[in-house]
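Notes follow the structure.
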Amino acid sequence: MRSLAPNGLARAAVRFKPASFAGTFVALMMSALIVAACGILLETGARASVPAERYAKAPVVVAADQSVRLVADSIDGPEETVYPLPDTARVDVGLAAKAARAPGAEAAVPDFTFPVRQGNGALVGHGWGSQAFTGTALSAGAAPRTGEVVLDAAAARTAKADVGDTVALETAVGRMDFRVSGLAKAGAGDTAAAGAAADGKATAWFADAEAPALAGHPGKADAIAVLAVDGADTHALAAAVEKSLAGSGAQVHTGDDRGEAEERGLAYAKETLLGLGSQFGGIATLVAVFTAAGTVALSVGQRTREFALLRAVGATPRQIRRAVAAEALLVAPLAGLVGCLPGIALARWWFGQLKDRGAIPEAVDLHVSWIPLLAAVGTGLLAALGSGLMAGRRPAKIKPGQALIEASVERLRPGVIRTVLGLGALVGGAVFAGVASSSAGDNAANASLGVIMLFMLAVALLGPLVARLCAALFGLLLRGGGASAVLAAANSRTNARRLASAITPIVLAMAFASTLVFMHTSESEIASEQLRDGITADHVVTDPAGLPTGSADRASRTPGVDAAVSLLDTQVLVPVDAGGETTLQGAATQGISGSGAQLAKVQDLDVRSGSLDRVGAGRIAIDKTLATSAKVEVGDQLPLHLPDGTEARPEVVAVYGRGLGLAAVTMDRASLAGHVTSAFDSTLLVRGGDAKPLAALGEVTDASGYAVEQNVDRELGAWANYTMAAVLGGFAVIAAVNTLVMTVLDRRRELATLRLVGSTRRQVLHMLHWESLLVSVAGVALGTTIAMITLTPMVRGLTGESPHIPPLLYATFAATAVSLGLLAVTLPARAALRDRGA
């Protein structure tokens, strides 16, 4: 029969049940949006590169590996994991002579870039030899020799100096007088190094023989620029240089790889984009596909009566299955294509926000190709096909008479396979919750991620049972709400599958949004409290350009000052245990200018064991959470990588409790100074004395003012968490609204029947409102429970404290879910009742 042809059935179903398929279309479109956006960010992270700017005229660049590589055994053999360094790794200056002897090389120039202070301002310092590839040229005077400097116009103007004059500059070796040997106009390469003059930074050039020491890295260069003779082949030159430097550990770069050598932020940008695209993207994709599949299954389930009638008039199981598949083919590809457009827009917005916040270099571009778009369309199609066929499997295979019976009354028992899988997910979530509660640090966070995913899977698989339980519990409360409330409770108990379809997206939204947002509020609150309690200094001095050298000594000589300690802030990489595997974790580190005893006068780290008095060369103090993750205690050696990748094994002499708000690692400044780009301290803590004399060193505030500034900086970093919560929560909320609208529109016959037996329009609407409240409150309660089971071990593992949940923020989440639920029911219900002439 022509009418029973699969494509004819599919087209007829779409034409005569537009509301059901509109809901499916919206779900699949949103799924494609999420998958496309995350896929674009993932591909951009994998392909990210920046063109060479400073080294544009140097065809070959030699630089150190800017990452630490850990090799671990896996099933497929040795597996290498790369971790970007917190600061720049450098190469030996002596490698320049070897590179210069490579066939095809005209010269090899060591390059140095370092901060210089001029009065209260900042300069960018370079070695004069870099003018060979940057285009910088003298406008007056001569090249610098030891003890001399060449200034650009801005630096000369600020210093009010000309050729032959003497200027006082501060570098890593301290304050020194330099004779101005010449004036120069910065070339394109030097302008790029100064941040394209974004901060208006002036430039100074020093003799190459003196530059490494002034930079604080004697015998080291940031990179080596290799210049080629005329007509030399770049690839041949690179191979020759690589051969001449074999065994040195240095890397040879050409093409766009040179940009990575000069732009240290590219590695972190890649890590950020890959993390968003893979880790968050994986979760978001699972949630999107999961929700879309549930919507498709609901759409198919709403037409069980139609399938039963088709079976009764002779349709075969194969025809029913092909009809369901054809429906998916009609709706899913179009929905996927439509969803890709806002997906691209979301990726562009997200990428632009990351770039505006400095997480991605300006030169990196968003990469949009057909690969993530095809993945988005294909994922939606597979989800629609799989869920549709699963939902239509039973009405297609059972006997026609039995199909008609089941279509008239909802099955009370879910399938055996679904129940077993759901119980397995529930048990798995409980096991992971136990593991997370007994773990610390990243282990707790990783286990907690498994908790939320498994519990969400359990809610979806056991949805009808969960819905029936919720209906029974809330039904007891609804008994006192009048006839409409009693009828709503009875409807909910009888149609548990329909109720489950609406509850699941709300649970998703509440669980994921609460976990992401309240994770940040907990860390922020605990860090703020630790910072407030930890800073005991009377005065805090800061300067964005770095404090003058010797600030602590100058402050300590001020009348009335009892203690003055300057801090050099950076990060180190510490190996920690993560589920049986060793990973490197970035740990905020403070290098102190004085002794641990002096530090104790201006900072209360809440020492739990050991003593800060022993902090010094080869001896450090660490936070208790880091100690637990690294499995060390007082007296043990902690293997770590300094900011430039240098390995060290200092002894742990103290463990303290305020590492989240202050710093996870405390060590002596001298052990750090030679391994960071800027040797200028960032903070000066002073106890006693008056603030006025300290103003010459920088901006002076008290402990509370400093805490407020630090909290503002931390709030800026919370943007990522809120954005991810908005993406996931927003999607889940839209899915919940979509499901509720589909459900109400499918019940038009039921609503008309209620009107025919005497119910007023107000009573019917009140019944639907009570059902919506039941769905919303149940979803909020389940989502909150899952979020708390996830958050508690995660926050305790990372901070040692309980989660902090702002009541007003939580109330906003809950009220939003309830309000949208009521709105999603009221609008289509009014339309349905109006259509029936009620």
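Residues are referred to by chain and number: the chain letter is A, B, ... according to the order shown in the structure tokens, the number counts from 1 in that chain, and ligands are numbered separately from 1 in the order shown.
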
Given only C-alpha atoms, how would the per-residue table for range 236-277 of chain A near range 358-375 of chain A read, listing every residue at most 9 Å away with its closest atom pair and distance in Å to one decimal, sorted by chain and number, as CSV?
```
residue,atom,partner,partner_atom,distance
A:Glu263,CA,A:Pro361,CA,7.9
A:Gly265,CA,A:Pro361,CA,6.4
A:Leu266,CA,A:Pro361,CA,6.5
A:Tyr268,CA,A:Ala359,CA,7.5
A:Ala269,CA,A:Ile360,CA,4.9
A:Lys270,CA,A:Ile360,CA,8.2
A:Thr272,CA,A:Ala359,CA,7.7
A:Leu273,CA,A:Ile360,CA,8.8
```

**Request:** Extract the full set of strand (DSSP E) residues from range 521-735 of chain A according to DSSP on the backbone, and format it as an NGL selection string.
**Result:** :A and (539-542 or 561-578 or 581-592 or 607-610 or 619-623 or 640-641 or 647-648 or 651-656 or 665-668 or 683-688 or 699-701)

**Message:** What does the structure give for the distance between CA of Ala831 in chain A and CA of Leu774 in chain A, in Å to one decimal?
**Reply:**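 CA of Leu774 in chain A lies 21.8 Å from CA of Ala831 in chain A.
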
Tell me which protein, DNA and RNA residues are within 10 Å of Gly147 in chain A, counting only C-alpha atoms, leaving out same-chain ones fewer than 5 positions away, and put them as a PDB file with all heavy atoms, in the first residue's frame.
```pdb
ATOM      1  N   MET A 176      71.604  51.157  38.461  1.00  0.00           N
ATOM      2  CA  MET A 176      72.912  51.477  37.894  1.00  0.00           C
ATOM      3  C   MET A 176      72.786  52.721  37.019  1.00  0.00           C
ATOM      4  O   MET A 176      71.711  53.025  36.495  1.00  0.00           O
ATOM      5  CB  MET A 176      73.449  50.312  37.056  1.00  0.00           C
ATOM      6  CG  MET A 176      73.740  49.045  37.834  1.00  0.00           C
ATOM      7  SD  MET A 176      74.206  47.665  36.748  1.00  0.00           S
ATOM      8  CE  MET A 176      75.636  48.369  35.905  1.00  0.00           C
ATOM      9  N   ASP A 177      73.918  53.417  36.857  1.00  0.00           N
ATOM     10  CA  ASP A 177      73.983  54.553  35.958  1.00  0.00           C
ATOM     11  C   ASP A 177      74.532  54.096  34.612  1.00  0.00           C
ATOM     12  O   ASP A 177      75.538  53.367  34.552  1.00  0.00           O
ATOM     13  CB  ASP A 177      74.874  55.654  36.533  1.00  0.00           C
ATOM     14  CG  ASP A 177      74.238  56.349  37.721  1.00  0.00           C
ATOM     15  OD1 ASP A 177      72.995  56.375  37.779  1.00  0.00           O
ATOM     16  OD2 ASP A 177      74.980  56.850  38.587  1.00  0.00           O
ATOM     17  N   PHE A 178      73.887  54.510  33.527  1.00  0.00           N
ATOM     18  CA  PHE A 178      74.316  54.151  32.179  1.00  0.00           C
ATOM     19  C   PHE A 178      74.506  55.427  31.368  1.00  0.00           C
ATOM     20  O   PHE A 178      73.708  56.375  31.465  1.00  0.00           O
ATOM     21  CB  PHE A 178      73.276  53.262  31.480  1.00  0.00           C
ATOM     22  CG  PHE A 178      73.126  51.901  32.087  1.00  0.00           C
ATOM     23  CD1 PHE A 178      72.227  51.684  33.125  1.00  0.00           C
ATOM     24  CD2 PHE A 178      73.878  50.826  31.626  1.00  0.00           C
ATOM     25  CE1 PHE A 178      72.077  50.433  33.682  1.00  0.00           C
ATOM     26  CE2 PHE A 178      73.729  49.564  32.180  1.00  0.00           C
ATOM     27  CZ  PHE A 178      72.837  49.369  33.215  1.00  0.00           C
ATOM     28  N   ARG A 179      75.553  55.433  30.562  1.00  0.00           N
ATOM     29  CA  ARG A 179      75.785  56.543  29.645  1.00  0.00           C
ATOM     30  C   ARG A 179      74.964  56.311  28.385  1.00  0.00           C
ATOM     31  O   ARG A 179      74.966  55.219  27.827  1.00  0.00           O
ATOM     32  CB  ARG A 179      77.263  56.653  29.294  1.00  0.00           C
ATOM     33  CG  ARG A 179      77.579  57.749  28.268  1.00  0.00           C
ATOM     34  CD  ARG A 179      79.046  57.774  27.902  1.00  0.00           C
ATOM     35  NE  ARG A 179      79.309  58.738  26.847  1.00  0.00           N
ATOM     36  CZ  ARG A 179      79.198  58.478  25.543  1.00  0.00           C
ATOM     37  NH1 ARG A 179      78.839  57.261  25.136  1.00  0.00           N
ATOM     38  NH2 ARG A 179      79.454  59.418  24.644  1.00  0.00           N
ATOM     39  N   VAL A 180      74.250  57.319  27.915  1.00  0.00           N
ATOM     40  CA  VAL A 180      73.464  57.211  26.693  1.00  0.00           C
ATOM     41  C   VAL A 180      74.422  57.333  25.504  1.00  0.00           C
ATOM     42  O   VAL A 180      74.940  58.417  25.216  1.00  0.00           O
ATOM     43  CB  VAL A 180      72.380  58.296  26.631  1.00  0.00           C
ATOM     44  CG1 VAL A 180      71.578  58.164  25.334  1.00  0.00           C
ATOM     45  CG2 VAL A 180      71.449  58.190  27.837  1.00  0.00           C
ATOM     46  N   SER A 181      74.658  56.187  24.830  1.00  0.00           N
ATOM     47  CA  SER A 181      75.593  56.203  23.699  1.00  0.00           C
ATOM     48  C   SER A 181      74.905  56.570  22.389  1.00  0.00           C
ATOM     49  O   SER A 181      75.570  56.947  21.422  1.00  0.00           O
ATOM     50  CB  SER A 181      76.262  54.838  23.542  1.00  0.00           C
ATOM     51  OG  SER A 181      75.304  53.859  23.160  1.00  0.00           O
ATOM     52  N   PHE A 206      70.941  47.409  25.293  1.00  0.00           N
ATOM     53  CA  PHE A 206      72.198  47.313  26.023  1.00  0.00           C
ATOM     54  C   PHE A 206      73.185  46.465  25.221  1.00  0.00           C
ATOM     55  O   PHE A 206      72.806  45.748  24.282  1.00  0.00           O
ATOM     56  CB  PHE A 206      71.971  46.675  27.399  1.00  0.00           C
ATOM     57  CG  PHE A 206      70.993  47.436  28.259  1.00  0.00           C
ATOM     58  CD1 PHE A 206      69.624  47.205  28.166  1.00  0.00           C
ATOM     59  CD2 PHE A 206      71.441  48.388  29.162  1.00  0.00           C
ATOM     60  CE1 PHE A 206      68.731  47.904  28.955  1.00  0.00           C
ATOM     61  CE2 PHE A 206      70.550  49.101  29.956  1.00  0.00           C
ATOM     62  CZ  PHE A 206      69.190  48.858  29.855  1.00  0.00           C
ATOM     63  N   ALA A 207      74.447  46.516  25.621  1.00  0.00           N
ATOM     64  CA  ALA A 207      75.474  45.716  24.960  1.00  0.00           C
ATOM     65  C   ALA A 207      75.157  44.234  25.153  1.00  0.00           C
ATOM     66  O   ALA A 207      74.752  43.802  26.241  1.00  0.00           O
ATOM     67  CB  ALA A 207      76.846  46.050  25.540  1.00  0.00           C
ATOM     68  N   GLU A 210      76.600  42.437  28.122  1.00  0.00           N
ATOM     69  CA  GLU A 210      76.084  42.807  29.433  1.00  0.00           C
ATOM     70  C   GLU A 210      74.624  42.421  29.623  1.00  0.00           C
ATOM     71  O   GLU A 210      74.158  42.259  30.759  1.00  0.00           O
ATOM     72  CB  GLU A 210      76.241  44.320  29.611  1.00  0.00           C
ATOM     73  CG  GLU A 210      76.072  44.829  31.017  1.00  0.00           C
ATOM     74  CD  GLU A 210      76.332  46.316  31.133  1.00  0.00           C
ATOM     75  OE1 GLU A 210      76.245  47.005  30.093  1.00  0.00           O
ATOM     76  OE2 GLU A 210      76.626  46.799  32.239  1.00  0.00           O
TER      77      GLU A 210
END
```

Would you tabulate, counting only C-alpha atoms, all residues of range 716-820 of chain A that have an atom at most 12 Å from an atom of range 453-475 of chain A, showing the closest pair of atoms and their distance in Å to one decimal, sorted by chain then ascending number, as JSON lines?
```
{"residue": "A:Trp770", "atom": "CA", "partner": "A:Gly475", "partner_atom": "CA", "distance": 10.1}
{"residue": "A:Glu771", "atom": "CA", "partner": "A:Ala471", "partner_atom": "CA", "distance": 9.3}
{"residue": "A:Ser772", "atom": "CA", "partner": "A:Ala471", "partner_atom": "CA", "distance": 11.6}
{"residue": "A:Leu773", "atom": "CA", "partner": "A:Phe474", "partner_atom": "CA", "distance": 9.8}
{"residue": "A:Leu774", "atom": "CA", "partner": "A:Phe474", "partner_atom": "CA", "distance": 6.8}
{"residue": "A:Val775", "atom": "CA", "partner": "A:Ala467", "partner_atom": "CA", "distance": 8.6}
{"residue": "A:Ser776", "atom": "CA", "partner": "A:Cys470", "partner_atom": "CA", "distance": 11.0}
{"residue": "A:Val777", "atom": "CA", "partner": "A:Phe474", "partner_atom": "CA", "distance": 9.1}
{"residue": "A:Ala778", "atom": "CA", "partner": "A:Cys470", "partner_atom": "CA", "distance": 6.4}
{"residue": "A:Gly779", "atom": "CA", "partner": "A:Cys470", "partner_atom": "CA", "distance": 9.4}
{"residue": "A:Val780", "atom": "CA", "partner": "A:Cys470", "partner_atom": "CA", "distance": 11.7}
{"residue": "A:Ala781", "atom": "CA", "partner": "A:Cys470", "partner_atom": "CA", "distance": 9.9}
{"residue": "A:Leu782", "atom": "CA", "partner": "A:Val459", "partner_atom": "CA", "distance": 8.7}
{"residue": "A:Gly783", "atom": "CA", "partner": "A:Met456", "partner_atom": "CA", "distance": 8.8}
{"residue": "A:Thr784", "atom": "CA", "partner": "A:Met456", "partner_atom": "CA", "distance": 11.8}
{"residue": "A:Thr785", "atom": "CA", "partner": "A:Phe455", "partner_atom": "CA", "distance": 10.0}
{"residue": "A:Ile786", "atom": "CA", "partner": "A:Phe455", "partner_atom": "CA", "distance": 6.9}
{"residue": "A:Ala787", "atom": "CA", "partner": "A:Phe455", "partner_atom": "CA", "distance": 9.8}
{"residue": "A:Met788", "atom": "CA", "partner": "A:Phe455", "partner_atom": "CA", "distance": 11.8}
{"residue": "A:Ile789", "atom": "CA", "partner": "A:Phe455", "partner_atom": "CA", "distance": 9.6}
{"residue": "A:Thr790", "atom": "CA", "partner": "A:Phe455", "partner_atom": "CA", "distance": 9.6}
```

Write a file of the just-selected residues containing C-alpha atoms, as a PDB file, in the first residue's frame.
```pdb
ATOM      1  CA  TRP A 770       0.157  22.217  40.011  1.00  0.00           C
ATOM      2  CA  GLU A 771       1.702  19.659  37.645  1.00  0.00           C
ATOM      3  CA  SER A 772       4.278  22.214  36.554  1.00  0.00           C
ATOM      4  CA  LEU A 773       5.117  22.995  40.186  1.00  0.00           C
ATOM      5  CA  LEU A 774       5.497  19.289  40.897  1.00  0.00           C
ATOM      6  CA  VAL A 775       7.842  18.877  37.930  1.00  0.00           C
ATOM      7  CA  SER A 776       9.883  21.998  38.750  1.00  0.00           C
ATOM      8  CA  VAL A 777      10.196  21.349  42.476  1.00  0.00           C
ATOM      9  CA  ALA A 778      11.094  17.699  41.915  1.00  0.00           C
ATOM     10  CA  GLY A 779      13.699  18.653  39.327  1.00  0.00           C
ATOM     11  CA  VAL A 780      15.185  21.356  41.561  1.00  0.00           C
ATOM     12  CA  ALA A 781      15.280  18.996  44.566  1.00  0.00           C
ATOM     13  CA  LEU A 782      16.946  16.167  42.625  1.00  0.00           C
ATOM     14  CA  GLY A 783      19.374  18.528  40.895  1.00  0.00           C
ATOM     15  CA  THR A 784      20.307  20.133  44.210  1.00  0.00           C
ATOM     16  CA  THR A 785      20.889  16.739  45.784  1.00  0.00           C
ATOM     17  CA  ILE A 786      23.166  15.643  42.958  1.00  0.00           C
ATOM     18  CA  ALA A 787      25.029  18.970  43.059  1.00  0.00           C
ATOM     19  CA  MET A 788      25.618  18.709  46.805  1.00  0.00           C
ATOM     20  CA  ILE A 789      26.817  15.107  46.556  1.00  0.00           C
ATOM     21  CA  THR A 790      29.227  16.299  43.869  1.00  0.00           C
TER      22      THR A 790
END
```

**Picked from range 559-688 of chain A by DSSP as helix (DSSP H, G or I), as an MDAnalysis selection string** = chainID A and resid 596:602 612:614 624:630 670:673

**Request:** Give the answer as one residue: which of A:Gly164, A:Pro51, A:Gly187, A:Gly219 has the shortest atom-to-atom distance to Thr134 in chain A, using only C-alpha atoms?
**Result:** A:Gly187

**Request:** Check the smallest atom-to-atom distance from each of A:Gly45, A:Pro505, A:Gly336, A:Pro212 to Phe351 in chain A using only C-alpha atoms, then report the winner.
**Result:**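 Of A:Gly45, A:Pro505, A:Gly336, A:Pro212, the one nearest Phe351 in chain A, counting only C-alpha atoms, is A:Gly45.
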
**Asked** For the atom pair CA of Leu123 in chain A and CA of Val149 in chain A, what is the interatomic distance in Å to one decimal place?
**Response** 12.2 Å

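Of note, CA of Thr171 in chain A and CA of Val226 in chain A are spaced 27.1 Å apart.
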
**Message:** I'd like to know which of A:Asp256, A:Val676, A:Ala345, A:Ala527 is closest to Ala48 in chain A, using only C-alpha atoms.
**Reply:**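 Smallest distance to Ala48 in chain A is found for A:Asp256.
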